[in-house]
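Source file: upload16.cif (mmCIF, C-alpha atoms)
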data_target
#
loop_
_atom_site.label_atom_id
_atom_site.label_comp_id
_atom_site.auth_asym_id
_atom_site.auth_seq_id
_atom_site.Cartn_x
_atom_site.Cartn_y
_atom_site.Cartn_z
CA MET A 24 -3.64 -8.60 -8.81
CA LEU A 25 -6.36 -6.68 -7.09
CA SER A 26 -9.04 -9.12 -8.26
CA ASP A 27 -7.34 -11.80 -6.12
CA TYR A 28 -8.86 -10.05 -3.15
CA ALA A 29 -12.44 -10.19 -4.43
CA PRO A 30 -13.22 -13.57 -2.79
CA ILE A 31 -12.16 -12.05 0.53
CA LEU A 32 -14.83 -9.39 0.16
CA VAL A 33 -17.48 -12.02 -0.53
CA PHE A 34 -16.31 -14.12 2.41
CA LEU A 35 -16.17 -11.03 4.62
CA GLY A 36 -19.84 -10.44 3.85
CA ILE A 37 -20.71 -14.01 4.80
CA CYS A 38 -18.66 -13.76 8.01
CA VAL A 39 -20.40 -10.54 9.00
CA ALA A 40 -23.80 -12.08 8.32
CA PHE A 41 -22.81 -15.06 10.45
CA ALA A 42 -21.37 -12.98 13.30
CA VAL A 43 -24.40 -10.69 13.44
CA GLY A 44 -27.01 -13.33 12.65
CA VAL A 45 -26.15 -15.85 15.36
CA PRO A 46 -26.53 -13.53 18.38
CA THR A 47 -29.61 -11.94 16.80
CA LEU A 48 -31.16 -15.37 16.40
CA SER A 49 -30.47 -16.23 20.02
CA ALA A 50 -31.88 -12.87 21.12
CA LEU A 51 -35.09 -13.70 19.23
CA LEU A 52 -35.32 -17.28 20.45
CA GLY A 53 -34.34 -16.76 24.09
CA PRO A 54 -36.84 -15.96 26.85
CA ARG A 55 -37.03 -12.51 28.43
CA HIS A 56 -37.61 -12.24 32.16
CA PRO A 57 -36.00 -8.98 33.27
CA SER A 58 -35.32 -8.43 36.93
CA PRO A 59 -33.26 -5.81 38.81
CA ALA A 60 -30.77 -8.44 39.92
CA LYS A 61 -29.99 -9.41 36.33
CA ASP A 62 -29.08 -5.80 35.56
CA LEU A 63 -26.14 -5.89 37.97
CA PRO A 64 -22.67 -7.00 36.94
CA TYR A 65 -21.50 -10.21 38.54
CA GLU A 66 -19.38 -9.69 41.60
CA SER A 67 -19.45 -13.04 43.38
CA GLY A 68 -22.87 -12.40 44.91
CA ILE A 69 -22.01 -9.07 46.51
CA VAL A 70 -23.91 -5.95 45.41
CA PRO A 71 -21.36 -4.05 43.29
CA ARG A 72 -20.05 -0.73 44.56
CA GLU A 73 -18.61 2.00 42.33
CA THR A 74 -18.14 1.76 38.60
CA ALA A 75 -15.73 -0.61 36.93
CA ARG A 76 -14.37 2.22 34.76
CA ARG A 77 -11.50 3.25 36.96
CA ARG A 78 -7.77 3.65 36.72
CA PHE A 79 -5.64 0.59 36.17
CA SER A 80 -1.99 -0.35 36.51
CA VAL A 81 0.43 1.82 34.53
CA SER A 82 2.25 -1.31 33.36
CA PHE A 83 -0.50 -1.90 30.82
CA TYR A 84 0.18 1.48 29.19
CA VAL A 85 3.91 0.77 29.10
CA THR A 86 3.29 -2.61 27.48
CA ALA A 87 1.06 -1.01 24.87
CA MET A 88 3.70 1.61 24.03
CA LEU A 89 6.48 -0.95 23.75
CA PHE A 90 4.21 -3.03 21.55
CA ILE A 91 3.80 -0.15 19.11
CA ILE A 92 7.57 0.29 18.84
CA PHE A 93 8.37 -3.36 18.25
CA ASP A 94 5.39 -3.98 16.03
CA VAL A 95 6.50 -1.25 13.66
CA GLU A 96 9.81 -3.08 13.49
CA SER A 97 8.12 -6.26 12.33
CA ILE A 98 6.54 -4.30 9.47
CA PHE A 99 10.07 -3.67 8.16
CA LEU A 100 11.11 -7.27 8.70
CA PHE A 101 8.42 -8.85 6.52
CA PRO A 102 9.36 -7.30 3.16
CA TRP A 103 13.05 -7.68 3.98
CA ALA A 104 12.59 -11.39 4.72
CA THR A 105 11.21 -12.08 1.24
CA ILE A 106 14.28 -10.68 -0.57
CA VAL A 107 17.21 -11.59 1.70
CA ARG A 108 18.44 -13.92 -1.03
CA GLN A 109 18.77 -11.10 -3.54
CA LEU A 110 20.17 -8.55 -1.10
CA LYS A 111 22.88 -10.95 0.08
CA VAL A 112 25.49 -9.49 2.46
CA PHE A 113 24.26 -5.94 2.03
CA GLY A 114 20.82 -6.85 3.35
CA ILE A 115 22.23 -8.77 6.28
CA VAL A 116 24.48 -5.91 7.38
CA GLU A 117 21.67 -3.38 7.12
CA MET A 118 19.08 -5.49 8.90
CA GLY A 119 21.71 -6.59 11.42
CA ILE A 120 22.32 -2.97 12.39
CA PHE A 121 18.57 -2.41 12.63
CA ILE A 122 17.90 -5.49 14.77
CA VAL A 123 20.88 -4.91 17.05
CA THR A 124 19.71 -1.33 17.60
CA LEU A 125 16.34 -2.68 18.63
CA LEU A 126 17.90 -5.32 20.87
CA VAL A 127 19.85 -2.51 22.57
CA GLY A 128 16.52 -0.71 22.96
CA LEU A 129 15.00 -3.83 24.51
CA ALA A 130 17.97 -4.18 26.86
CA TYR A 131 17.55 -0.52 27.90
CA VAL A 132 13.83 -0.96 28.59
CA TRP A 133 14.63 -4.13 30.49
CA ARG A 134 17.29 -2.40 32.63
CA LYS A 135 14.94 0.52 33.31
CA GLY A 136 12.46 -1.95 34.76
CA ALA A 137 9.66 -1.19 32.29
CA LEU A 138 9.09 -4.92 31.86
CA ARG A 139 8.67 -5.53 35.61
CA TRP A 140 5.26 -6.45 36.94
CA ASP A 141 4.94 -5.91 40.69
CA MET B 21 -15.08 -15.58 -12.15
CA ILE B 22 -14.43 -14.06 -8.76
CA GLY B 23 -10.70 -14.33 -8.09
CA GLN B 24 -9.70 -17.91 -8.87
CA ASP B 25 -13.15 -19.55 -8.95
CA TYR B 26 -16.56 -19.38 -10.54
CA TRP B 27 -18.91 -17.48 -8.28
CA TRP B 28 -20.89 -20.58 -7.32
CA VAL B 29 -17.72 -22.52 -6.43
CA LEU B 30 -16.70 -19.64 -4.21
CA LEU B 31 -20.12 -19.57 -2.59
CA ILE B 32 -20.04 -23.30 -1.86
CA LYS B 33 -16.51 -23.01 -0.47
CA ALA B 34 -17.50 -20.10 1.77
CA VAL B 35 -20.56 -21.85 3.17
CA VAL B 36 -18.60 -25.07 3.72
CA VAL B 37 -15.85 -23.19 5.55
CA VAL B 38 -18.26 -21.32 7.83
CA LEU B 39 -20.33 -24.39 8.66
CA GLY B 40 -17.27 -26.62 8.81
CA LEU B 41 -15.38 -24.36 11.20
CA THR B 42 -18.45 -24.04 13.40
CA THR B 43 -18.84 -27.80 13.52
CA ILE B 44 -15.14 -28.35 14.11
CA ALA B 45 -15.16 -25.81 16.93
CA ALA B 46 -18.19 -27.51 18.49
CA TYR B 47 -16.54 -30.91 18.29
CA LEU B 48 -13.29 -29.50 19.65
CA THR B 49 -15.16 -28.70 22.87
CA TYR B 50 -16.27 -32.32 22.91
CA ALA B 51 -12.76 -33.55 22.16
CA GLU B 52 -11.35 -31.31 24.85
CA ARG B 53 -13.75 -32.69 27.45
CA LYS B 54 -13.03 -36.25 26.38
CA VAL B 55 -9.25 -35.74 26.41
CA ALA B 56 -9.44 -33.99 29.77
CA ALA B 57 -11.56 -36.80 31.16
CA ARG B 58 -9.23 -39.52 29.91
CA ILE B 59 -6.18 -37.71 31.30
CA GLN B 60 -7.96 -37.48 34.67
CA LEU B 61 -9.18 -41.11 34.51
CA ARG B 62 -12.81 -40.14 33.95
CA LEU B 63 -15.19 -40.98 31.13
CA GLY B 64 -16.22 -37.53 30.02
CA PRO B 65 -19.52 -36.68 28.30
CA ASN B 66 -21.29 -39.94 27.37
CA ARG B 67 -25.03 -39.36 27.88
CA VAL B 68 -26.20 -37.45 24.79
CA GLY B 69 -26.11 -39.82 21.83
CA PRO B 70 -23.61 -42.66 21.34
CA PHE B 71 -20.36 -41.90 23.24
CA GLY B 72 -21.83 -38.48 23.98
CA LEU B 73 -21.28 -37.51 20.35
CA LEU B 74 -24.38 -35.30 20.26
CA GLN B 75 -23.23 -33.29 23.27
CA PRO B 76 -21.97 -30.31 21.17
CA ALA B 77 -25.32 -30.13 19.37
CA ALA B 78 -27.15 -30.14 22.70
CA ASP B 79 -24.85 -27.39 23.99
CA ALA B 80 -25.40 -25.26 20.90
CA VAL B 81 -29.18 -25.58 21.15
CA LYS B 82 -29.03 -24.74 24.83
CA LEU B 83 -26.93 -21.61 24.17
CA LEU B 84 -29.28 -20.54 21.39
CA PHE B 85 -32.34 -20.67 23.65
CA LYS B 86 -30.80 -18.96 26.69
CA GLU B 87 -31.83 -15.54 27.92
CA ASN B 88 -29.52 -12.65 27.01
CA ALA B 89 -28.95 -11.24 30.49
CA ALA B 90 -26.60 -8.25 30.47
CA PRO B 91 -25.58 -5.56 32.97
CA ALA B 92 -27.68 -2.40 32.71
CA ASN B 93 -24.70 -0.02 32.75
CA ARG B 94 -23.01 -1.56 29.78
CA ASP B 95 -21.90 0.30 26.68
CA ARG B 96 -24.65 -1.05 24.46
CA LEU B 97 -22.96 -0.88 21.07
CA LEU B 98 -19.50 -2.11 22.08
CA TYR B 99 -21.03 -4.87 24.18
CA LEU B 100 -22.57 -6.27 20.99
CA VAL B 101 -19.50 -5.67 18.83
CA GLY B 102 -17.17 -7.70 21.08
CA PRO B 103 -18.48 -11.24 20.55
CA SER B 104 -19.35 -10.73 16.88
CA LEU B 105 -15.81 -9.56 16.20
CA ALA B 106 -14.38 -12.53 18.09
CA GLY B 107 -16.33 -15.08 16.07
CA GLY B 108 -16.28 -13.28 12.74
CA ALA B 109 -12.57 -12.40 12.64
CA ALA B 110 -11.54 -15.92 13.61
CA VAL B 111 -13.57 -17.45 10.77
CA LEU B 112 -12.43 -14.79 8.29
CA ALA B 113 -8.76 -15.57 8.95
CA PHE B 114 -9.25 -19.10 7.66
CA ALA B 115 -10.03 -17.82 4.14
CA VAL B 116 -6.44 -17.87 2.88
CA ILE B 117 -5.16 -21.07 4.48
CA PRO B 118 -4.26 -23.44 1.63
CA MET B 119 -5.25 -27.06 2.15
CA GLY B 120 -4.13 -28.37 -1.20
CA ILE B 121 -4.27 -27.94 -4.97
CA ASN B 122 -6.00 -30.35 -7.34
CA ASN B 123 -6.31 -30.44 -11.11
CA TRP B 124 -9.71 -31.66 -12.18
CA PHE B 125 -10.62 -31.55 -15.89
CA ASN B 126 -8.28 -28.64 -16.60
CA TYR B 127 -9.73 -26.75 -13.66
CA GLN B 128 -7.16 -25.91 -11.03
CA PHE B 129 -8.98 -26.30 -7.73
CA HIS B 130 -7.40 -24.56 -4.74
CA TRP B 131 -8.52 -25.79 -1.34
CA ASP B 132 -8.80 -22.28 0.03
CA ILE B 133 -11.22 -19.40 -0.42
CA ALA B 134 -8.81 -16.75 -1.60
CA HIS B 135 -5.25 -16.92 -2.79
CA PHE B 136 -2.96 -13.91 -3.00
CA ASN B 137 0.71 -13.20 -2.52
CA VAL B 138 0.53 -11.79 1.02
CA GLY B 139 -1.65 -14.47 2.59
CA LEU B 140 0.43 -14.67 5.74
CA LEU B 141 0.14 -10.92 6.36
CA PHE B 142 -3.62 -11.21 5.89
CA ILE B 143 -3.86 -13.92 8.56
CA LEU B 144 -1.68 -12.01 11.01
CA GLY B 145 -3.71 -8.86 10.43
CA VAL B 146 -7.11 -10.46 10.81
CA THR B 147 -6.23 -12.58 13.83
CA SER B 148 -4.89 -9.51 15.61
CA LEU B 149 -8.42 -8.08 15.43
CA GLY B 150 -9.10 -10.54 18.25
CA VAL B 151 -7.48 -8.09 20.68
CA TYR B 152 -10.30 -5.64 20.03
CA SER B 153 -12.98 -8.22 20.70
CA LEU B 154 -11.46 -9.19 24.05
CA PHE B 155 -10.85 -5.66 25.19
CA LEU B 156 -14.16 -4.22 23.97
CA GLY B 157 -16.01 -7.11 25.59
CA GLY B 158 -14.11 -6.70 28.84
CA TRP B 159 -14.47 -2.96 29.00
CA SER B 160 -18.01 -2.46 27.78
CA ALA B 161 -19.67 -4.76 30.33
CA ASN B 162 -18.81 -2.36 33.16
CA SER B 163 -17.88 -5.22 35.44
CA LYS B 164 -14.63 -5.38 37.39
CA TYR B 165 -13.82 -8.98 36.56
CA SER B 166 -14.47 -8.34 32.88
CA LEU B 167 -12.27 -5.25 32.87
CA LEU B 168 -9.38 -7.05 34.56
CA GLY B 169 -9.74 -9.95 32.18
CA GLY B 170 -9.90 -7.63 29.18
CA LEU B 171 -6.81 -5.69 30.27
CA ARG B 172 -4.81 -8.81 30.92
CA SER B 173 -5.80 -10.39 27.64
CA SER B 174 -5.01 -7.35 25.54
CA ALA B 175 -1.59 -6.87 27.15
CA GLN B 176 -0.86 -10.57 26.75
CA LEU B 177 -2.08 -10.76 23.16
CA ILE B 178 -0.13 -7.76 21.92
CA SER B 179 3.03 -8.92 23.70
CA TYR B 180 2.90 -12.37 22.18
CA GLU B 181 1.78 -11.13 18.79
CA MET B 182 5.25 -9.75 18.17
CA ALA B 183 6.99 -12.86 19.43
CA VAL B 184 4.80 -14.93 17.12
CA SER B 185 5.38 -12.80 14.03
CA PHE B 186 9.14 -12.72 14.64
CA ALA B 187 9.14 -16.50 14.89
CA LEU B 188 7.40 -16.75 11.51
CA ILE B 189 9.95 -14.55 9.74
CA GLY B 190 12.55 -17.34 9.72
CA THR B 191 10.30 -19.44 7.48
CA ILE B 192 9.57 -16.47 5.22
CA ILE B 193 13.32 -16.01 4.71
CA LEU B 194 13.67 -19.67 3.71
CA ALA B 195 10.68 -19.62 1.38
CA GLY B 196 11.36 -16.10 0.09
CA SER B 197 7.64 -15.43 -0.10
CA LEU B 198 4.58 -14.48 1.92
CA ASP B 199 2.41 -16.57 -0.37
CA LEU B 200 1.22 -19.53 1.70
CA GLU B 201 1.06 -21.90 -1.27
CA GLN B 202 4.63 -21.04 -2.22
CA ILE B 203 5.75 -21.50 1.39
CA VAL B 204 4.30 -25.00 1.32
CA GLY B 205 5.87 -25.59 -2.09
CA ALA B 206 9.28 -24.64 -0.72
CA GLN B 207 8.98 -27.54 1.74
CA GLN B 208 8.94 -30.28 -0.92
CA GLN B 209 12.41 -31.43 0.13
CA THR B 210 12.48 -30.73 3.85
CA TRP B 211 9.81 -29.39 6.15
CA PHE B 212 10.75 -26.11 7.76
CA ILE B 213 10.43 -27.63 11.22
CA VAL B 214 13.73 -29.38 10.47
CA LEU B 215 15.45 -26.18 9.34
CA GLN B 216 13.73 -23.90 11.85
CA PRO B 217 13.23 -25.95 15.03
CA LEU B 218 13.72 -22.94 17.30
CA ALA B 219 11.21 -20.87 15.34
CA PHE B 220 8.65 -23.67 15.60
CA VAL B 221 9.04 -23.89 19.37
CA LEU B 222 8.84 -20.10 19.68
CA TYR B 223 5.80 -19.92 17.42
CA PHE B 224 3.88 -22.68 19.07
CA SER B 225 4.55 -21.49 22.61
CA GLY B 226 3.47 -18.02 21.54
CA ALA B 227 0.39 -19.55 19.96
CA PHE B 228 -0.74 -20.88 23.31
CA ALA B 229 -0.75 -17.32 24.61
CA GLU B 230 -2.44 -16.01 21.46
CA THR B 231 -5.30 -18.46 21.89
CA ASN B 232 -5.56 -17.80 25.64
CA ARG B 233 -4.90 -21.41 26.46
CA ALA B 234 -3.29 -23.05 29.44
CA PRO B 235 -0.61 -22.59 30.67
CA PHE B 236 -1.16 -19.00 29.47
CA ASP B 237 -4.90 -18.75 30.12
CA LEU B 238 -4.59 -15.75 32.44
CA PRO B 239 -7.38 -13.79 30.68
CA GLU B 240 -9.91 -16.23 32.03
CA ALA B 241 -8.12 -17.57 35.06
CA GLU B 242 -11.35 -18.92 36.53
CA THR B 243 -9.98 -19.09 40.05
CA GLU B 244 -9.21 -15.35 40.05
CA LEU B 245 -11.44 -13.69 37.49
CA VAL B 246 -14.56 -15.91 37.26
CA ALA B 247 -14.45 -15.98 33.45
CA GLY B 248 -12.32 -12.96 32.60
CA TYR B 249 -13.45 -10.78 29.73
CA HIS B 250 -16.62 -12.77 29.03
CA THR B 251 -17.91 -12.87 32.61
CA GLU B 252 -20.95 -10.76 31.68
CA TYR B 253 -21.83 -12.59 28.50
CA GLY B 254 -24.46 -15.27 28.19
CA SER B 255 -26.28 -17.29 25.55
CA MET B 256 -24.96 -17.15 21.98
CA ARG B 257 -22.92 -14.00 22.66
CA PHE B 258 -20.81 -16.09 24.99
CA GLY B 259 -21.09 -18.83 22.39
CA LEU B 260 -19.40 -16.62 19.79
CA TYR B 261 -16.46 -15.92 22.13
CA PHE B 262 -16.18 -19.62 22.73
CA LEU B 263 -16.39 -20.34 19.01
CA GLY B 264 -13.76 -17.69 18.29
CA GLU B 265 -11.42 -19.25 20.80
CA TYR B 266 -11.67 -22.73 19.31
CA VAL B 267 -11.52 -21.50 15.73
CA ASN B 268 -8.37 -19.62 16.72
CA MET B 269 -6.91 -22.91 17.89
CA VAL B 270 -7.60 -24.30 14.44
CA ILE B 271 -6.04 -21.20 12.84
CA VAL B 272 -2.78 -21.33 14.81
CA SER B 273 -2.51 -25.07 14.20
CA SER B 274 -3.13 -24.47 10.49
CA ILE B 275 -0.45 -21.77 10.35
CA ALA B 276 1.99 -24.06 12.14
CA THR B 277 1.12 -26.85 9.71
CA THR B 278 1.48 -24.62 6.65
CA LEU B 279 4.70 -22.95 7.67
CA PHE B 280 6.53 -25.70 9.53
CA LEU B 281 4.94 -29.08 8.86
CA GLY B 282 4.73 -28.96 5.08
CA GLY B 283 1.04 -28.09 4.76
CA TRP B 284 -0.74 -30.61 2.56
CA LEU B 285 2.47 -32.45 1.59
CA PRO B 286 2.67 -36.10 2.63
CA LEU B 287 5.03 -37.26 5.35
CA PHE B 288 7.25 -39.00 2.77
CA PRO B 289 7.12 -38.07 -0.92
CA PHE B 290 6.60 -41.63 -2.24
CA HIS B 291 3.97 -44.40 -2.28
CA PRO B 292 1.88 -45.26 -0.38
CA PHE B 293 2.04 -41.94 1.45
CA ASP B 294 1.15 -39.76 -1.52
CA TRP B 295 -2.00 -41.80 -2.22
CA ILE B 296 -3.68 -39.99 0.66
CA PRO B 297 -5.11 -36.70 -0.67
CA GLY B 298 -3.49 -33.41 0.40
CA PRO B 299 -6.39 -31.97 2.38
CA LEU B 300 -6.46 -35.12 4.50
CA TRP B 301 -2.75 -34.76 5.28
CA PHE B 302 -3.40 -31.16 6.18
CA LEU B 303 -6.29 -32.02 8.49
CA GLY B 304 -4.32 -34.86 10.05
CA LYS B 305 -1.43 -32.58 10.96
CA VAL B 306 -3.82 -29.97 12.34
CA VAL B 307 -5.56 -32.59 14.46
CA VAL B 308 -2.24 -33.76 15.90
CA LEU B 309 -1.36 -30.19 16.89
CA LEU B 310 -4.84 -29.62 18.35
CA PHE B 311 -4.50 -32.76 20.45
CA PHE B 312 -1.11 -31.51 21.60
CA MET B 313 -2.68 -28.23 22.74
CA MET B 314 -5.28 -30.10 24.79
CA TRP B 315 -2.68 -32.41 26.24
CA VAL B 316 -0.61 -29.42 27.38
CA ARG B 317 -3.65 -27.82 28.98
CA TRP B 318 -4.15 -30.72 31.36
CA THR B 319 -0.46 -31.18 32.04
CA PHE B 320 0.92 -27.76 32.98
CA PRO B 321 -0.27 -25.39 35.72
CA ARG B 322 -1.13 -21.79 34.93
CA LEU B 323 1.71 -19.26 34.98
CA ARG B 324 1.70 -16.19 37.21
CA TYR B 325 1.00 -13.02 35.23
CA ASP B 326 4.45 -11.44 35.63
CA ARG B 327 6.08 -14.72 34.62
CA LEU B 328 3.89 -14.82 31.55
CA MET B 329 4.85 -11.32 30.43
CA ASN B 330 8.51 -11.97 31.22
CA PHE B 331 8.48 -15.09 29.11
CA GLY B 332 7.09 -13.16 26.17
CA TRP B 333 9.34 -10.12 26.38
CA LYS B 334 12.56 -11.56 27.79
CA VAL B 335 12.66 -15.02 26.23
CA LEU B 336 10.51 -15.30 23.09
CA LEU B 337 11.23 -11.82 21.71
CA PRO B 338 15.07 -11.83 21.90
CA LEU B 339 15.25 -15.45 20.76
CA GLY B 340 12.97 -14.62 17.83
CA LEU B 341 15.21 -11.73 16.76
CA LEU B 342 18.29 -13.92 17.13
CA ASN B 343 16.67 -16.58 14.98
CA ILE B 344 15.97 -14.01 12.26
CA LEU B 345 19.60 -12.83 12.28
CA ILE B 346 21.04 -16.33 12.12
CA THR B 347 18.63 -17.56 9.44
CA GLY B 348 19.12 -14.42 7.38
CA THR B 349 22.91 -14.66 7.56
CA VAL B 350 23.00 -18.31 6.56
CA VAL B 351 20.57 -17.84 3.67
CA ALA B 352 22.27 -14.68 2.39
CA LEU B 353 25.75 -16.21 2.51
CA ARG B 354 24.66 -19.38 0.73
CA ALA B 355 22.70 -17.53 -1.93
#
Could you quickly redo this structure as C-alpha cells?
Amino acid sequence: MLSDYAPILVFLGICVAFAVGVPTLSALLGPRHPSPAKDLPYESGIVPRETARRRFSVSFYVTAMLFIIFDVESIFLFPWATIVRQLKVFGIVEMGIFIVTLLVGLAYVWRKGALRWD
Amino acid sequence: MIGQDYWWVLLIKAVVVVLGLTTIAAYLTYAERKVAARIQLRLGPNRVGPFGLLQPAADAVKLLFKENAAPANRDRLLYLVGPSLAGGAAVLAFAVIPMGINNWFNYQFHWDIAHFNVGLLFILGVTSLGVYSLFLGGWSANSKYSLLGGLRSSAQLISYEMAVSFALIGTIILAGSLDLEQIVGAQQQTWFIVLQPLAFVLYFSGAFAETNRAPFDLPEAETELVAGYHTEYGSMRFGLYFLGEYVNMVIVSSIATTLFLGGWLPLFPFHPFDWIPGPLWFLGKVVVLLFFMMWVRWTFPRLRYDRLMNFGWKVLLPLGLLNILITGTVVALRA
C-alpha cells in the first residue's frame, strides 16, 4: 500500500532538518577569523600548485562502467529471488543461464585486464 | 494514522531514532577508543567524567564551536551537500529496520519507523547514496588529497555494493520476501547464518568496505591521504561525515542481524531466553557485531588498493553469484 510509505516522508523531513540544521548551527556558533592561509587547501604545509581538478586514472572509469553492468543484473535478481519457490526448475534454468552469461562476461573482463590496477 | 502509527507515535519514534542514533554514534567513538586502547594495553580516554564517559559530549561541543575553515576555490553548493548527505542518508536508512513487534492493549507496536514490503531494497537504495556524499565532498573541496580519497572511496563503494547485494540475495531466496519483518519471521526455526554461512561471510567482509573501515579503510588511509575525502572539512561538517560513518556501522550490523542472526528473536526459543524483550536481543546482537568490527580494525593491517579491488571483483563477486545459484537450486528443487 502506498500509505505504508508515508512515515518515510515524515522521517525524511526530520532527517533533512537534522542534516541541514547541525552544520548551520555550528556555522552560527563557531568563530570567524578569516586569513589567506585558511583559504588554501591542505597540502602538507606546501603552498598548493595547480588545481586539483585534473585527469585521473582510467581504471576508475572502467570500474564505474563495470559497476553499471553488474548492478543492473542485481535489479533482476531481487524480484527473482522472492519467487524462486514458485518458479521451481524453470526459474533456476532461466536464472542459471543469465548468471552464467554474466560470469562469462566477468571472466572476459578479467582476462582483458580491465580489473588490473597498476 | 500515518502508515502503521498515530501521528504522535510516529513523531516520538522519529525523534528517538534521530537522537538515539546520534548518541549511539557518539558513544561508538568512545567505545572504539576504549577498545583500541585495551587492545594496545593502554587506558584510553579517562579524564572527562567517570571512566571518560563524557568524552563524546565534550567532543561534540568542541566540534560545534569550531571555526568552519574551507578552501576558497571550493564548489560552494556541493561542498555543503556532501556532509549533510552523509549524515542524513545514514540516519534515514535506519527507518525500516525492524527491532521487534509488541502487542499492547490491542495496539500492534512495531519497533521501526516504517514498514513496507520492500524494506531491504529501501535500505540498499538509501545507503548507496553515501557514494555521492563521499565523492561530492572529495571533489568539491578542490584539494588533491580530497579528490584522491573521493575517487578511491567511490570506486571501492560501488565495487563492494554489488558484492554485498549479491550476498544478501541468498537470504531473500530462503525467506521468499524483501519484507524485513517476514525475513526475521522466517528464521524462527534456524537463523540464516546456519543455512547461509558463506553469504554471511561475504556480506560482512563487504560491509567493512562499505563502511570504509580497516582493513579496507583506503578512502582515508591517513598515512597516504591525510584524511581522504574529508581532508578539507572541519567543525560539524566533519562531524556529520564522522556521524555518517558510525551510523553506517550500526546499519550494516543491523542488516546482518536482521538477515542472518534472527533479528529480535532470542538465541533459543524457550525460557528463560524469551523473557528478554526482542529489542534488547536485537541491540545485543548489533553490539556484538560492532565490537567485532572494532576488534578487526586493530588486528589487521590495511590492504593495498589493487588487492582491495581484486578481493571485491575476483573473490566476493563470483562467490556471491555461486551462492545464489546453489541456494536457488536447492530451494527450487525442494519446493
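Closest to Phe101 in chain A among A:Asp27, A:Met118, A:Ser82, A:Val123 is A:Met118, based on all atoms listed in the file.
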Original post:
Could you pull the residues within 7 Å of Leu260 in chain B, counting only C-alpha atoms, minus those fewer than 4 positions along the same chain, as a PyMOL selection string?
Top reply: chain B and resi 103-104+106-107+256+264
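What chain B places within 6 Å of chain A, counting only C-alpha atoms, is Gly23, Leu84, Phe85, Lys86, Glu87, Pro91, Ala92, Ser104, Gly108, Ala134, Phe136, Asn162, Ser163, Lys164, Ile192, Ile193, Gly196, Ser197, Met256, Arg257, Asp326, Ala352 and Ala355 of chain B.
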Original post:
Distance CA of Gly226 in chain B-CA of Val335 in chain B, one decimal place?
Top reply: 10.7 Å
Residues within 9 Å of range 201-205 of chain B, please, as a short mmCIF file (atom, residue, chain, number, x, y, z; two decimals) with C-alpha atoms, keeping the file's coordinate frame. Count all atoms listed in the file; anything in the same chain fewer than 3 positions from it doesn't count.
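Saved as result.cif:
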data_model
loop_
_atom_site.label_atom_id
_atom_site.label_comp_id
_atom_site.auth_asym_id
_atom_site.auth_seq_id
_atom_site.Cartn_x
_atom_site.Cartn_y
_atom_site.Cartn_z
CA ILE B 117 -5.16 -21.07 4.48
CA PRO B 118 -4.26 -23.44 1.63
CA MET B 119 -5.25 -27.06 2.15
CA GLY B 120 -4.13 -28.37 -1.20
CA ILE B 121 -4.27 -27.94 -4.97
CA HIS B 135 -5.25 -16.92 -2.79
CA ASN B 137 0.71 -13.20 -2.52
CA GLY B 139 -1.65 -14.47 2.59
CA THR B 191 10.30 -19.44 7.48
CA ILE B 192 9.57 -16.47 5.22
CA LEU B 194 13.67 -19.67 3.71
CA ALA B 195 10.68 -19.62 1.38
CA GLY B 196 11.36 -16.10 0.09
CA SER B 197 7.64 -15.43 -0.10
CA LEU B 198 4.58 -14.48 1.92
CA GLN B 208 8.94 -30.28 -0.92
CA TRP B 211 9.81 -29.39 6.15
CA THR B 278 1.48 -24.62 6.65
CA LEU B 279 4.70 -22.95 7.67
CA PHE B 280 6.53 -25.70 9.53
CA LEU B 281 4.94 -29.08 8.86
CA GLY B 282 4.73 -28.96 5.08
CA GLY B 283 1.04 -28.09 4.76
CA TRP B 284 -0.74 -30.61 2.56
CA LEU B 285 2.47 -32.45 1.59
#
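Residue nearest Leu215 in chain B, chosen from B:Ile346, B:Ala46, B:Val246, B:Leu353 and counting all atoms listed in the file: B:Ile346.
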**OP:** Would you mind reading off the distance between CA of Gly150 in chain B and CA of Leu171 in chain B, one decimal, in Å?
**Re:** 13.2 Å
Excluding Asn66 in chain B and its own-chain neighbours fewer than 4 positions away, which residues fall within 12 Å of it when counting all atoms listed in the file? Please give them as a PDB file with C-alpha atoms, in the frame of the given file.
ATOM      1  CA  TYR B  50     -16.270 -32.320  22.910  1.00  0.00           C
ATOM      2  CA  ALA B  51     -12.760 -33.550  22.160  1.00  0.00           C
ATOM      3  CA  ARG B  53     -13.750 -32.690  27.450  1.00  0.00           C
ATOM      4  CA  LYS B  54     -13.030 -36.250  26.380  1.00  0.00           C
ATOM      5  CA  ALA B  57     -11.560 -36.800  31.160  1.00  0.00           C
ATOM      6  CA  ARG B  62     -12.810 -40.140  33.950  1.00  0.00           C
ATOM      7  CA  PRO B  70     -23.610 -42.660  21.340  1.00  0.00           C
ATOM      8  CA  PHE B  71     -20.360 -41.900  23.240  1.00  0.00           C
ATOM      9  CA  GLY B  72     -21.830 -38.480  23.980  1.00  0.00           C
ATOM     10  CA  LEU B  73     -21.280 -37.510  20.350  1.00  0.00           C
ATOM     11  CA  LEU B  74     -24.380 -35.300  20.260  1.00  0.00           C
ATOM     12  CA  GLN B  75     -23.230 -33.290  23.270  1.00  0.00           C
ATOM     13  CA  PRO B  76     -21.970 -30.310  21.170  1.00  0.00           C
TER      14      PRO B  76
END
Residue IDs satisfying the PyMOL selection byres ((chain B and resi 114) around 10), as a short mmCIF file (atom, residue, chain, number, x, y, z; two decimals) with C-alpha atoms, in the coordinates of the input:
data_model
loop_
_atom_site.label_atom_id
_atom_site.label_comp_id
_atom_site.auth_asym_id
_atom_site.auth_seq_id
_atom_site.Cartn_x
_atom_site.Cartn_y
_atom_site.Cartn_z
CA VAL B 37 -15.85 -23.19 5.55
CA VAL B 38 -18.26 -21.32 7.83
CA LEU B 41 -15.38 -24.36 11.20
CA ALA B 109 -12.57 -12.40 12.64
CA ALA B 110 -11.54 -15.92 13.61
CA VAL B 111 -13.57 -17.45 10.77
CA LEU B 112 -12.43 -14.79 8.29
CA ALA B 113 -8.76 -15.57 8.95
CA ALA B 115 -10.03 -17.82 4.14
CA VAL B 116 -6.44 -17.87 2.88
CA ILE B 117 -5.16 -21.07 4.48
CA PRO B 118 -4.26 -23.44 1.63
CA ASP B 132 -8.80 -22.28 0.03
CA ILE B 133 -11.22 -19.40 -0.42
CA ALA B 134 -8.81 -16.75 -1.60
CA PHE B 142 -3.62 -11.21 5.89
CA ILE B 143 -3.86 -13.92 8.56
CA VAL B 146 -7.11 -10.46 10.81
CA THR B 147 -6.23 -12.58 13.83
CA VAL B 267 -11.52 -21.50 15.73
CA ASN B 268 -8.37 -19.62 16.72
CA VAL B 270 -7.60 -24.30 14.44
CA ILE B 271 -6.04 -21.20 12.84
CA VAL B 272 -2.78 -21.33 14.81
CA SER B 274 -3.13 -24.47 10.49
CA ILE B 275 -0.45 -21.77 10.35
#
